[in-house]
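Participant: Got a file for you: coords_25.tsv, TSV, C-alpha atoms and all ligand atoms.
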```tsv
chain	number	residue	atom	x	y	z
F	27	MET	CA	-57.90	209.10	4.16
F	28	ASN	CA	-58.16	205.59	2.90
F	29	LEU	CA	-56.51	203.77	5.72
F	30	TYR	CA	-57.60	200.23	5.48
F	31	ASN	CA	-56.02	197.05	4.22
F	32	LYS	CA	-52.62	198.52	3.56
F	33	SER	CA	-50.79	195.41	4.69
F	34	TYR	CA	-48.95	193.00	2.42
F	35	GLY	CA	-49.84	190.06	4.60
F	36	PRO	CA	-47.48	188.20	6.89
F	37	GLY	CA	-44.00	189.59	7.47
F	38	TYR	CA	-40.94	188.37	9.36
F	39	LEU	CA	-38.01	189.76	11.27
F	40	THR	CA	-35.08	187.36	11.10
F	41	LEU	CA	-32.14	187.98	13.41
F	42	GLU	CA	-28.52	186.97	12.93
F	43	ASP	CA	-28.87	184.04	15.32
F	44	GLY	CA	-31.81	182.66	13.34
F	45	GLN	CA	-34.60	183.84	15.64
F	46	VAL	CA	-37.72	184.79	13.71
F	47	PHE	CA	-40.53	187.15	14.80
F	48	THR	CA	-43.75	187.01	12.81
F	49	GLY	CA	-46.14	189.91	12.24
F	50	THR	CA	-48.02	191.83	9.59
F	51	LEU	CA	-45.99	193.65	6.96
F	52	TYR	CA	-46.82	197.21	5.91
F	53	GLY	CA	-45.07	199.66	3.65
F	54	ALA	CA	-42.72	197.76	1.40
F	55	PRO	CA	-42.55	194.19	0.26
F	56	MET	CA	-38.76	194.39	-0.12
F	57	ALA	CA	-36.34	193.61	2.67
F	58	GLY	CA	-35.36	196.23	5.25
F	59	PHE	CA	-32.15	195.48	7.09
F	60	GLY	CA	-30.14	197.09	9.83
F	61	GLU	CA	-29.15	197.25	13.46
F	62	VAL	CA	-32.20	196.63	15.66
F	63	VAL	CA	-32.57	199.38	18.28
F	64	PHE	CA	-35.37	200.46	20.59
F	65	GLN	CA	-36.98	203.84	21.18
F	66	THR	CA	-38.88	204.45	24.41
F	67	GLY	CA	-40.76	207.70	23.67
F	68	MET	CA	-44.51	207.56	24.18
F	69	THR	CA	-45.02	209.98	21.29
F	70	GLY	CA	-42.85	211.25	18.45
F	71	TYR	CA	-42.87	208.39	15.96
F	72	GLN	CA	-43.01	210.88	13.07
F	73	GLU	CA	-39.88	212.70	14.25
F	74	VAL	CA	-38.14	209.37	14.85
F	75	MET	CA	-39.15	208.12	11.40
F	76	THR	CA	-37.63	211.19	9.73
F	77	ASP	CA	-34.54	211.70	11.96
F	78	PRO	CA	-31.60	210.93	9.63
F	79	SER	CA	-29.60	209.57	12.60
F	80	PHE	CA	-31.72	206.41	12.34
F	81	ALA	CA	-30.37	205.61	8.85
F	82	GLY	CA	-29.42	201.95	8.67
F	83	GLN	CA	-31.43	201.02	11.77
F	84	ILE	CA	-34.61	199.08	12.42
F	85	VAL	CA	-36.42	200.91	15.21
F	86	THR	CA	-38.49	199.01	17.77
F	87	PHE	CA	-41.08	201.22	19.45
F	88	THR	CA	-41.64	200.21	23.05
F	89	TYR	CA	-44.84	202.25	23.29
F	90	PRO	CA	-47.56	199.70	22.43
F	91	LEU	CA	-49.70	201.78	20.05
F	92	ILE	CA	-48.04	203.59	17.17
F	93	GLY	CA	-49.67	205.69	14.43
F	94	ASN	CA	-52.72	206.83	16.43
F	95	TYR	CA	-52.33	210.54	15.66
F	96	GLY	CA	-51.25	210.02	12.05
F	97	ILE	CA	-48.53	211.89	10.17
F	98	ASN	CA	-48.69	215.65	9.57
F	99	ASP	CA	-46.87	218.15	7.38
F	100	VAL	CA	-45.07	220.04	10.14
F	101	ASP	CA	-43.18	217.55	12.31
F	102	ASN	CA	-40.79	216.08	9.75
F	103	GLU	CA	-37.12	216.18	10.69
F	104	ALA	CA	-36.04	215.60	7.07
F	105	LEU	CA	-37.63	215.41	3.65
F	106	ARG	CA	-37.89	211.65	3.75
F	107	PRO	CA	-37.56	208.80	6.25
F	108	ALA	CA	-34.05	207.37	6.50
F	109	LEU	CA	-34.60	204.41	8.82
F	110	ALA	CA	-34.45	200.85	7.55
F	111	GLY	CA	-37.71	199.71	9.12
F	112	MET	CA	-40.03	199.87	12.11
F	113	LEU	CA	-41.18	197.22	14.58
F	114	VAL	CA	-44.40	198.03	16.36
F	115	SER	CA	-46.77	196.21	18.62
F	116	GLU	CA	-50.06	197.66	17.39
F	117	LEU	CA	-50.18	199.83	14.28
F	118	CYS	CA	-53.16	202.16	14.28
F	119	GLU	CA	-54.83	202.26	10.88
F	120	GLN	CA	-57.41	204.87	11.87
F	121	PRO	CA	-55.46	207.88	13.13
F	122	SER	CA	-57.24	210.83	14.64
F	123	HIS	CA	-55.67	214.26	15.09
F	124	TYR	CA	-56.62	217.67	13.72
F	125	ARG	CA	-53.22	218.04	12.04
F	126	GLY	CA	-52.89	214.41	10.90
F	127	LYS	CA	-53.01	214.09	7.11
F	128	TYR	CA	-51.73	210.60	6.38
F	129	SER	CA	-51.58	207.28	8.12
F	130	LEU	CA	-48.23	205.76	9.03
F	131	ALA	CA	-49.01	202.85	6.71
F	132	ASP	CA	-49.58	205.30	3.80
F	133	ILE	CA	-46.25	207.00	4.44
F	134	ALA	CA	-44.40	203.69	4.72
F	135	GLU	CA	-45.88	202.66	1.39
F	136	HIS	CA	-45.10	206.00	-0.23
F	137	TYR	CA	-41.45	205.93	0.85
F	138	SER	CA	-41.05	202.15	0.58
F	139	PHE	CA	-39.83	201.21	4.00
F	140	PRO	CA	-41.17	198.23	5.92
F	141	ILE	CA	-43.18	198.28	9.12
F	142	LEU	CA	-43.67	194.98	10.88
F	143	ALA	CA	-46.69	195.23	13.15
F	144	GLY	CA	-48.06	192.84	15.72
F	145	VAL	CA	-44.64	191.69	16.88
F	146	ASP	CA	-43.65	191.19	20.49
F	147	THR	CA	-41.74	194.45	20.94
F	148	ARG	CA	-41.15	193.75	24.62
F	149	THR	CA	-39.24	190.55	23.89
F	150	ILE	CA	-37.25	192.24	21.10
F	151	THR	CA	-36.38	195.15	23.42
F	152	LYS	CA	-35.23	192.77	26.16
F	153	LEU	CA	-33.09	190.99	23.60
F	154	VAL	CA	-31.46	194.25	22.49
F	155	ARG	CA	-30.93	195.18	26.14
F	156	SER	CA	-29.11	191.93	26.84
F	157	GLU	CA	-27.27	191.46	23.53
F	158	GLY	CA	-26.53	195.09	22.60
F	159	ASP	CA	-25.57	194.56	18.99
F	160	VAL	CA	-28.53	192.91	17.22
F	161	PHE	CA	-28.82	192.85	13.43
F	162	GLY	CA	-32.00	191.88	11.63
F	163	VAL	CA	-33.88	191.80	8.35
F	164	ILE	CA	-37.59	192.48	7.82
F	165	ALA	CA	-38.96	190.62	4.78
F	166	ASP	CA	-42.06	188.87	3.52
F	167	CYS	CA	-40.51	185.49	4.30
F	168	PRO	CA	-38.24	184.15	7.04
F	169	LEU	CA	-34.57	184.14	6.01
F	170	THR	CA	-31.70	181.78	6.67
F	171	VAL	CA	-28.80	182.72	8.94
F	172	GLU	CA	-26.57	182.89	5.84
F	173	GLN	CA	-28.92	185.31	4.12
F	174	VAL	CA	-28.97	187.57	7.18
F	175	ALA	CA	-25.16	187.45	7.31
F	176	GLY	CA	-25.13	188.52	3.64
F	177	PHE	CA	-27.28	191.54	4.49
F	178	ARG	CA	-24.93	192.43	7.34
F	179	THR	CA	-21.96	192.48	4.97
F	180	LYS	CA	-23.92	194.76	2.65
F	181	HIS	CA	-24.88	196.93	5.63
F	182	ARG	CA	-21.25	197.38	6.73
F	183	LYS	CA	-20.34	198.82	3.33
F	184	LYS	CA	-22.92	201.62	3.49
F	185	SER	CA	-21.70	205.19	3.93
F	186	LEU	CA	-24.54	206.34	6.13
F	187	VAL	CA	-23.57	210.00	6.58
F	188	ALA	CA	-22.83	210.46	2.86
F	189	ASN	CA	-26.35	209.19	2.13
F	190	VAL	CA	-28.16	211.63	4.41
F	191	SER	CA	-26.00	214.78	4.25
F	192	ARG	CA	-27.20	217.45	1.83
F	193	PRO	CA	-25.41	217.24	-1.51
F	194	GLN	CA	-25.53	221.02	-1.92
F	195	THR	CA	-25.20	224.15	0.17
F	196	GLU	CA	-28.48	225.71	1.31
F	197	ARG	CA	-28.90	229.24	2.62
F	198	PHE	CA	-31.50	230.61	5.03
F	199	SER	CA	-31.79	234.31	5.72
F	200	GLY	CA	-31.75	236.01	9.10
F	201	ASN	CA	-30.49	239.26	10.59
F	202	GLY	CA	-28.29	237.81	13.31
F	203	GLU	CA	-25.09	235.79	13.47
F	204	HIS	CA	-24.06	233.79	10.45
F	205	VAL	CA	-23.97	230.12	11.44
F	206	VAL	CA	-22.56	227.48	9.14
F	207	VAL	CA	-24.03	224.06	9.83
F	208	LEU	CA	-21.99	221.04	8.80
F	209	ASP	CA	-24.72	218.60	7.86
F	210	LEU	CA	-23.91	215.09	9.07
F	211	GLY	CA	-27.61	214.18	8.86
F	212	MET	CA	-29.16	217.32	10.29
F	213	LYS	CA	-32.53	217.30	11.98
F	214	GLN	CA	-34.77	220.12	10.77
F	215	SER	CA	-35.30	221.19	14.39
F	216	ILE	CA	-31.63	222.24	14.70
F	217	LEU	CA	-32.11	224.58	11.75
F	218	ASP	CA	-35.42	225.78	13.23
F	219	ALA	CA	-33.77	226.52	16.60
F	220	LEU	CA	-31.10	228.68	14.92
F	221	LEU	CA	-33.57	230.49	12.65
F	222	ALA	CA	-35.88	231.15	15.62
F	223	ARG	CA	-32.96	233.01	17.22
F	224	GLY	CA	-32.53	235.19	14.14
F	225	CYS	CA	-29.40	233.53	12.81
F	226	ARG	CA	-28.50	233.56	9.15
F	227	VAL	CA	-27.77	229.92	8.39
F	228	THR	CA	-25.76	228.20	5.67
F	229	VAL	CA	-26.07	224.41	5.69
F	230	VAL	CA	-23.14	222.71	3.96
F	231	PRO	CA	-22.39	219.10	2.96
F	232	PHE	CA	-20.40	216.99	5.43
F	233	ASP	CA	-17.30	216.88	3.21
F	234	THR	CA	-16.92	220.66	2.92
F	235	THR	CA	-13.26	221.58	3.34
F	236	PHE	CA	-11.81	224.01	5.86
F	237	ALA	CA	-10.96	226.46	3.07
F	238	GLN	CA	-14.57	226.38	1.84
F	239	LEU	CA	-15.87	226.89	5.38
F	240	GLU	CA	-13.54	229.81	5.94
F	241	ALA	CA	-14.62	231.40	2.67
F	242	LEU	CA	-18.17	231.53	4.05
F	243	GLN	CA	-16.93	233.73	6.93
F	244	PRO	CA	-19.18	232.26	9.60
F	245	ASP	CA	-19.61	233.68	13.08
F	246	GLY	CA	-20.05	230.15	14.35
F	247	LEU	CA	-20.15	226.51	13.34
F	248	VAL	CA	-22.57	223.70	14.21
F	249	LEU	CA	-21.69	220.03	13.76
F	250	THR	CA	-24.97	218.11	13.67
F	251	ASN	CA	-26.38	214.77	14.65
F	252	GLY	CA	-26.01	211.92	12.20
F	253	PRO	CA	-26.08	208.16	11.70
F	254	GLY	CA	-23.56	205.39	12.20
F	255	ASP	CA	-20.30	204.87	14.04
F	256	PRO	CA	-18.45	208.16	14.61
F	257	ALA	CA	-15.12	206.37	14.16
F	258	ASP	CA	-16.03	205.79	10.49
F	259	LEU	CA	-15.59	209.54	9.95
F	260	ARG	CA	-12.11	209.65	11.45
F	261	ASN	CA	-10.53	210.74	8.14
F	262	TYR	CA	-12.37	214.05	8.29
F	263	CYS	CA	-11.13	214.92	11.78
F	264	SER	CA	-8.02	216.88	10.83
F	265	GLU	CA	-9.94	219.11	8.42
F	266	TRP	CA	-12.78	219.63	10.91
F	267	ARG	CA	-10.39	220.36	13.76
F	268	LYS	CA	-8.98	223.31	11.83
F	269	ALA	CA	-12.54	224.63	11.52
F	270	VAL	CA	-13.60	224.14	15.15
F	271	GLU	CA	-10.41	225.87	16.30
F	272	ARG	CA	-11.16	228.82	14.03
F	273	PHE	CA	-14.87	229.43	14.77
F	274	PRO	CA	-17.01	229.18	17.90
F	275	THR	CA	-18.50	225.70	17.64
F	276	LEU	CA	-21.45	223.74	18.93
F	277	GLY	CA	-21.50	219.96	18.41
F	278	ILE	CA	-24.71	217.97	18.81
F	279	CYS	CA	-24.77	214.17	19.22
F	280	LEU	CA	-22.62	212.84	16.34
F	281	GLY	CA	-21.10	216.34	16.17
F	282	HIS	CA	-20.20	216.05	19.86
F	283	GLN	CA	-18.63	212.64	19.32
F	284	MET	CA	-16.61	214.00	16.39
F	285	ILE	CA	-15.20	216.84	18.52
F	286	ALA	CA	-13.98	214.27	21.05
F	287	LEU	CA	-12.37	212.24	18.27
F	288	MET	CA	-10.69	215.38	16.87
F	289	TYR	CA	-8.96	215.77	20.25
F	290	GLY	CA	-7.69	212.22	20.33
F	291	ALA	CA	-10.39	210.61	22.47
F	292	GLN	CA	-12.17	207.40	21.54
F	293	THR	CA	-15.81	206.53	21.14
F	294	GLY	CA	-17.36	203.15	21.88
F	295	ARG	CA	-20.74	201.45	21.86
F	296	LEU	CA	-23.16	201.94	24.72
F	297	ALA	CA	-24.58	198.70	26.08
F	298	TYR	CA	-27.87	199.24	24.21
F	299	GLY	CA	-28.19	202.93	23.37
F	300	HIS	CA	-30.15	205.87	24.72
F	301	ARG	CA	-33.18	206.49	22.54
F	302	GLY	CA	-36.13	208.26	24.06
F	303	SER	CA	-37.56	211.44	25.49
F	304	ASN	CA	-36.83	211.20	29.21
F	305	HIS	CA	-33.10	210.76	29.77
F	306	PRO	CA	-31.90	212.70	32.82
F	307	VAL	CA	-28.56	214.48	32.51
F	308	LYS	CA	-26.76	216.46	35.19
F	309	GLU	CA	-25.02	219.74	34.46
F	310	LEU	CA	-21.91	219.32	36.55
F	311	ASN	CA	-21.35	223.04	37.25
F	312	SER	CA	-24.76	223.73	38.74
F	313	GLY	CA	-25.78	220.26	39.84
F	314	LYS	CA	-29.06	220.77	37.97
F	315	VAL	CA	-30.69	217.81	36.28
F	316	TYR	CA	-32.46	218.20	32.94
F	317	ILE	CA	-34.72	215.74	31.17
F	318	THR	CA	-33.46	215.34	27.62
F	319	SER	CA	-34.28	213.89	24.26
F	320	GLN	CA	-31.71	211.31	23.19
F	321	ASN	CA	-30.82	209.09	20.28
F	322	HIS	CA	-27.40	207.55	20.31
F	323	GLY	CA	-25.72	204.17	20.33
F	324	TYR	CA	-22.13	205.38	20.72
F	325	VAL	CA	-20.56	207.43	23.48
F	326	VAL	CA	-17.31	209.26	24.23
F	327	LYS	CA	-15.10	207.07	26.41
F	328	GLU	CA	-14.28	209.30	29.33
F	329	GLU	CA	-11.04	207.55	30.23
F	330	THR	CA	-9.63	208.43	26.79
F	331	LEU	CA	-10.29	212.19	27.08
F	332	ASP	CA	-7.35	214.53	27.40
F	333	LYS	CA	-8.76	216.60	30.24
F	334	ARG	CA	-6.16	219.29	29.74
F	335	GLN	CA	-8.10	220.16	26.59
F	336	LEU	CA	-11.69	218.99	27.00
F	337	THR	CA	-13.70	218.95	30.18
F	338	VAL	CA	-16.92	217.04	30.89
F	339	THR	CA	-19.88	219.41	31.37
F	340	TYR	CA	-22.85	217.01	31.52
F	341	ARG	CA	-23.23	213.46	32.71
F	342	ASN	CA	-26.04	210.92	32.28
F	343	VAL	CA	-27.74	210.36	35.63
F	344	ASN	CA	-28.65	206.73	34.87
F	345	ASP	CA	-25.30	205.35	33.75
F	346	GLY	CA	-22.82	208.16	34.42
F	347	THR	CA	-21.71	208.45	30.78
F	348	VAL	CA	-20.40	211.65	29.18
F	349	GLU	CA	-23.22	213.91	27.93
F	350	GLY	CA	-21.38	217.15	27.23
F	351	LEU	CA	-17.91	218.62	26.67
F	352	ARG	CA	-16.27	222.02	26.64
F	353	HIS	CA	-12.84	223.04	25.47
F	354	LEU	CA	-10.83	224.64	28.27
F	355	GLU	CA	-9.51	227.53	26.18
F	356	LEU	CA	-11.38	227.74	22.90
F	357	PRO	CA	-15.09	228.45	22.30
F	358	ILE	CA	-16.03	224.84	21.58
F	359	MET	CA	-18.94	223.13	23.34
F	360	SER	CA	-20.85	219.96	22.62
F	361	VAL	CA	-23.73	217.88	23.90
F	362	GLN	CA	-24.61	214.23	23.40
F	363	PHE	CA	-28.32	214.89	23.95
F	364	HIS	CA	-30.67	216.87	21.71
F	365	PRO	CA	-31.29	220.50	22.77
F	366	GLU	CA	-33.47	220.88	19.65
F	367	ALA	CA	-35.89	218.29	21.17
F	368	HIS	CA	-38.42	216.92	18.65
F	369	PRO	CA	-39.33	214.46	19.87
F	370	GLY	CA	-39.09	215.09	23.57
F	371	PRO	CA	-38.63	217.97	25.96
F	372	SER	CA	-37.13	221.33	25.01
F	373	ASP	CA	-35.78	221.94	28.55
F	374	THR	CA	-32.22	222.26	27.22
F	375	SER	CA	-32.98	224.68	24.37
F	376	PHE	CA	-30.84	227.16	26.35
F	377	ILE	CA	-27.84	225.40	24.79
F	378	PHE	CA	-28.58	227.34	21.59
F	379	ASP	CA	-28.71	230.59	23.58
F	380	GLN	CA	-25.36	229.74	25.13
F	381	PHE	CA	-23.98	229.11	21.66
F	382	LEU	CA	-25.24	232.54	20.56
F	383	GLN	CA	-23.61	234.10	23.62
F	384	MET	CA	-20.40	232.25	22.81
F	385	MET	CA	-20.39	233.65	19.26
F	386	ARG	CA	-21.02	237.17	20.57
F	387	ILE	CA	-18.47	237.15	23.36
F	388	MET	CA	-15.78	234.82	22.13
F	389	GLY	CA	-16.24	235.30	18.40
F	390	ALA	CA	-14.77	238.76	18.10
F	391	LYS	CA	-11.82	237.92	20.35
F	392	HIS	CA	-11.26	234.78	18.43
F	393	TYR	CA	-11.03	236.52	15.08
F	394	ALA	CA	-8.67	239.19	16.39
T	401	LIG	N1	-28.27	211.21	16.86
T	401	LIG	C1	-26.99	211.08	16.59
T	401	LIG	O1	-26.32	212.00	16.15
T	401	LIG	C2	-26.41	209.72	16.77
T	401	LIG	C3	-24.91	209.66	16.75
T	401	LIG	C4	-24.35	208.28	16.47
T	401	LIG	N2	-24.77	207.81	15.20
T	401	LIG	C5	-24.74	207.31	17.58
T	401	LIG	O2	-25.56	206.46	17.40
T	401	LIG	O3	-24.24	207.42	18.68
```
Once you've parsed the file, please lay out its structure as structure tokens.

Facilitator:
Amino acid sequence: MNLYNKSYGPGYLTLEDGQVFTGTLYGAPMAGFGEVVFQTGMTGYQEVMTDPSFAGQIVTFTYPLIGNYGINDVDNEALRPALAGMLVSELCEQPSHYRGKYSLADIAEHYSFPILAGVDTRTITKLVRSEGDVFGVIADCPLTVEQVAGFRTKHRKKSLVANVSRPQTERFSGNGEHVVVLDLGMKQSILDALLARGCRVTVVPFDTTFAQLEALQPDGLVLTNGPGDPADLRNYCSEWRKAVERFPTLGICLGHQMIALMYGAQTGRLAYGHRGSNHPVKELNSGKVYITSQNHGYVVKEETLDKRQLTVTYRNVNDGTVEGLRHLELPIMSVQFHPEAHPGPSDTSFIFDQFLQMMRIMGAKHYA
């Protein structure tokens, strides 16, 4: 590995209010722009880098050393990184791990996304915590407030899910239940979790119609994670609702938010998002608390739920927000956290087993 001197020299993060943070720019000399968010995991930067839900976002890593175990060939959540940029305190240029094949700087250069290293990530994180909605641009020069505003206008016009969803159907063999996955920006680990349980999986583009889904004759449906504001996908709700009412369904993260929207609830922004590997959620039935992997900026507004149709199954222990839903009559369940883990704990992988159970028990009845 040739790991040295990959930087382009000084780089700058300019925020909407004109604040500038100076560091060393790696990866791409062109501007990276997006919502500035923070991720608190101590490991997992490769999974974060390749999780399509981060499309259109600049991710601040609160862990102070990033890149120390390199990048390998097995932990990618998608074929390419989707995020707009990374902000790190110290970028390690000499990774060491038996599986590590590339340095983070190499990958950033290969895929042309910017990493700004040597910035005060603690101050940026505190800013995001207090402001919530922070937009910024990473570039090789400081920008004016007007220029940043121009990037924000451009940012608002992006169709994030359309950019990360697969353009074509992909099929994966298995001997078990046939699961159709509606790809809103699917993490590879969701596919892996289904394949590990023997499912036959068909991954379809996000704009697949109900008729097309029905023609595939699934035993169950998964609505995946994905980037952006769930309310932007409102137009798809009526088509998707037909599908979730026809097949046993599991919604994960964005998929969970979409199920709530389909039933007339609203989503809104969290104060500053949940992004990390140690978010406690309580299963309301059992009172058990699980430590979960999370990555979301929006949340289902509980007061807007029609509780005659959807009931809250999980709640965040820190802020009490909705973390899971279940339909009272139909086999539809959803979680805001990530049972597929990667990065973070796999304590809630049983959600996939429950989904399998749901397909087995409710599926046949449902088709009858
Ligand atoms: N990981 C996800 O699916 C994220 C969902 C949504 N984009 C949010 O930020 O809340």

Participant: Can you report as AutoDock Vina command-line options the centre and edge lengths in Å, to one decimal, of an axis-aligned box around the listed atoms of ligand LIG 401 (chain T) padded with 6 Å on each side?

Facilitator:
```
--center_x -26.3 --center_y 209.2 --center_z 16.9 --size_x 16.0 --size_y 17.5 --size_z 15.5
```

Participant: Residues near region 80-91 of chain F, anyone? I mean within 6 Å using all atoms listed in the file, not counting same-chain ones fewer than 6 positions away, as a PyMOL selection string.

Facilitator: chain F and resi 60-66+68+108-116+253

Participant: I'd like to know which of F:Arg295, F:His364, F:Arg226, F:Lys32 is closest to Ile133 (chain F), using all atoms listed in the file.

Facilitator: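 Looking only at the distances to Ile133 (chain F), the closest residue turns out to be F:Lys32.
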
Participant: Got a sec: who's within 12 Å of Lys314 (chain F), counting only C-alpha atoms, leaving out chain neighbours fewer than 2 positions off, as a ChimeraX atom specification?

Facilitator: /F:306-312,316-317,339-343,373-374

Participant: What is the CA of Ala269 (chain F) to atom O2 of ligand LIG 401 (chain T) distance in Å?

Facilitator: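 About the pair CA of Ala269 (chain F) and atom O2 of ligand LIG 401 (chain T): they are 23.1 Å apart.
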
Participant: Within 7 Å of ligand LIG 401 (chain T), which residues of chain F show up? Give each one with its shortest atom-to-atom distance in Å (one decimal) and the two atoms involved, counting only C-alpha atoms and all ligand atoms, rows by chain then rising residue number, as a tab-separated table.

Facilitator:
```
residue	atom	partner	partner_atom	distance
F:Ser79	CA	T:LIG401	N1	4.8
F:Thr250	CA	T:LIG401	O1	6.7
F:Asn251	CA	T:LIG401	O1	3.2
F:Gly252	CA	T:LIG401	O1	4.0
F:Pro253	CA	T:LIG401	N2	3.8
F:Gly254	CA	T:LIG401	N2	4.0
F:Asp255	CA	T:LIG401	N2	5.5
F:Pro256	CA	T:LIG401	C4	6.2
F:Ile278	CA	T:LIG401	O1	6.7
F:Cys279	CA	T:LIG401	O1	4.1
F:Leu280	CA	T:LIG401	O1	3.8
F:Gly281	CA	T:LIG401	O1	6.8
F:Asn321	CA	T:LIG401	N1	4.8
F:His322	CA	T:LIG401	O3	3.6
F:Gly323	CA	T:LIG401	O2	3.7
F:Tyr324	CA	T:LIG401	O3	3.6
F:Val325	CA	T:LIG401	O3	6.0
```

Participant: Using all atoms listed in the file, find the one residue out of F:Thr170, F:Asn94, F:Ser129, F:Thr235 that sits nearest to Asp43 (chain F).

Facilitator: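 That would be F:Thr170, the residue with the smallest distance to Asp43 (chain F).
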
Participant: Around (-33.9, 224.5, 10.8), as given in the file, which residues come within 10 Å? Count all atoms listed in the file and list them as a list in words.

Facilitator: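 Those residues lying close to the given coordinates are Glu103, Ala104, Phe198, Val207, Met212, Lys213, Gln214, Ser215, Ile216, Leu217, Asp218, Ala219, Leu220, Leu221, Ala222, Val227, Val229 and Glu366 of chain F.
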
Participant: What gap, in Å, lies between CA of Lys152 (chain F) and CA of Ile164 (chain F)?

Facilitator: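 Here the two named atoms are 18.5 Å from each other.
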
Participant: Kindly indicate which residue among F:Asp379, F:Gly58, F:Leu351, F:Ala367 lies nearest to Cys225 (chain F), using all atoms listed in the file for the distances.

Facilitator: F:Asp379

Participant: May I ask which of the residues F:Pro55, F:Pro121, F:Gly313, F:Gly350 is the closest one to Ala165 (chain F), counting only C-alpha atoms?

Facilitator: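 Comparing F:Pro55, F:Pro121, F:Gly313, F:Gly350 against Ala165 (chain F), the winner is F:Pro55.
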
Participant: Would you compute the distance between CA of Val338 (chain F) and CA of His353 (chain F)? Give it in Å to one decimal.

Facilitator: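 We find that CA of Val338 (chain F) and CA of His353 (chain F) lie 9.1 Å from each other.
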
Participant: Might you pull out every residue within 10 Å of Glu73 (chain F), with only C-alpha atoms counted and same-chain residues fewer than 2 positions away left off, and present them as a PyMOL selection string?

Facilitator: chain F and resi 69-71+75-78+97+100-104+107+213-215+367-370

Participant: For Leu247 (chain F), which residue among F:Ser360, F:Thr337, F:Gln72, F:Thr50 is the nearest when counting all atoms listed in the file?

Facilitator: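 So, comparing all the options, the nearest one is F:Ser360.
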
Participant: How would you write as a list in words the residues that get within 9 Å of (-50.8, 210.3, 6.6) in the file's frame, counting all atoms listed in the file?

Facilitator: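 Residues with an atom close enough to that point: Met27, Leu29, Gly96, Ile97, Asn98, Asp99, Pro121, Gly126, Lys127, Tyr128, Ser129, Leu130, Ala131, Asp132 and Ile133 of chain F.
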
Participant: Please provide as a PyMOL selection string all residues within 10 Å of Arg197 (chain F), with the sequence filter that same-chain residues fewer than 2 positions apart are discarded (counting only C-alpha atoms).

Facilitator: chain F and resi 194-195+199-200+206+226-230

Participant: Can you sort out region 151-162 of chain F so it carries N, CA and C atoms, written as a PDB file, in the frame of the given file?

Facilitator:
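Done, and the output landed in part.pdb:
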```
ATOM      1  N   THR F 151     -37.090 194.133  22.632  1.00  0.00           N
ATOM      2  CA  THR F 151     -36.380 195.150  23.420  1.00  0.00           C
ATOM      3  C   THR F 151     -35.491 194.490  24.477  1.00  0.00           C
ATOM      4  N   LYS F 152     -36.036 193.472  25.144  1.00  0.00           N
ATOM      5  CA  LYS F 152     -35.230 192.770  26.160  1.00  0.00           C
ATOM      6  C   LYS F 152     -34.012 192.129  25.526  1.00  0.00           C
ATOM      7  N   LEU F 153     -34.199 191.620  24.321  1.00  0.00           N
ATOM      8  CA  LEU F 153     -33.090 190.990  23.600  1.00  0.00           C
ATOM      9  C   LEU F 153     -32.001 192.029  23.293  1.00  0.00           C
ATOM     10  N   VAL F 154     -32.430 193.200  22.803  1.00  0.00           N
ATOM     11  CA  VAL F 154     -31.460 194.250  22.490  1.00  0.00           C
ATOM     12  C   VAL F 154     -30.762 194.706  23.777  1.00  0.00           C
ATOM     13  N   ARG F 155     -31.522 194.792  24.853  1.00  0.00           N
ATOM     14  CA  ARG F 155     -30.930 195.180  26.140  1.00  0.00           C
ATOM     15  C   ARG F 155     -29.857 194.200  26.589  1.00  0.00           C
ATOM     16  N   SER F 156     -30.099 192.902  26.356  1.00  0.00           N
ATOM     17  CA  SER F 156     -29.110 191.930  26.840  1.00  0.00           C
ATOM     18  C   SER F 156     -27.982 191.697  25.830  1.00  0.00           C
ATOM     19  N   GLU F 157     -28.299 191.762  24.538  1.00  0.00           N
ATOM     20  CA  GLU F 157     -27.270 191.460  23.530  1.00  0.00           C
ATOM     21  C   GLU F 157     -26.509 192.712  23.081  1.00  0.00           C
ATOM     22  N   GLY F 158     -27.177 193.862  23.069  1.00  0.00           N
ATOM     23  CA  GLY F 158     -26.530 195.090  22.600  1.00  0.00           C
ATOM     24  C   GLY F 158     -26.549 195.213  21.094  1.00  0.00           C
ATOM     25  N   ASP F 159     -25.709 194.448  20.438  1.00  0.00           N
ATOM     26  CA  ASP F 159     -25.570 194.560  18.990  1.00  0.00           C
ATOM     27  C   ASP F 159     -26.427 193.482  18.308  1.00  0.00           C
ATOM     28  N   VAL F 160     -27.610 193.881  17.850  1.00  0.00           N
ATOM     29  CA  VAL F 160     -28.530 192.910  17.220  1.00  0.00           C
ATOM     30  C   VAL F 160     -28.801 193.386  15.791  1.00  0.00           C
ATOM     31  N   PHE F 161     -28.586 192.499  14.838  1.00  0.00           N
ATOM     32  CA  PHE F 161     -28.820 192.850  13.430  1.00  0.00           C
ATOM     33  C   PHE F 161     -29.979 192.014  12.910  1.00  0.00           C
ATOM     34  N   GLY F 162     -30.853 192.629  12.118  1.00  0.00           N
ATOM     35  CA  GLY F 162     -32.000 191.880  11.630  1.00  0.00           C
ATOM     36  C   GLY F 162     -32.458 192.326  10.251  1.00  0.00           C
TER      37      GLY F 162
END
```
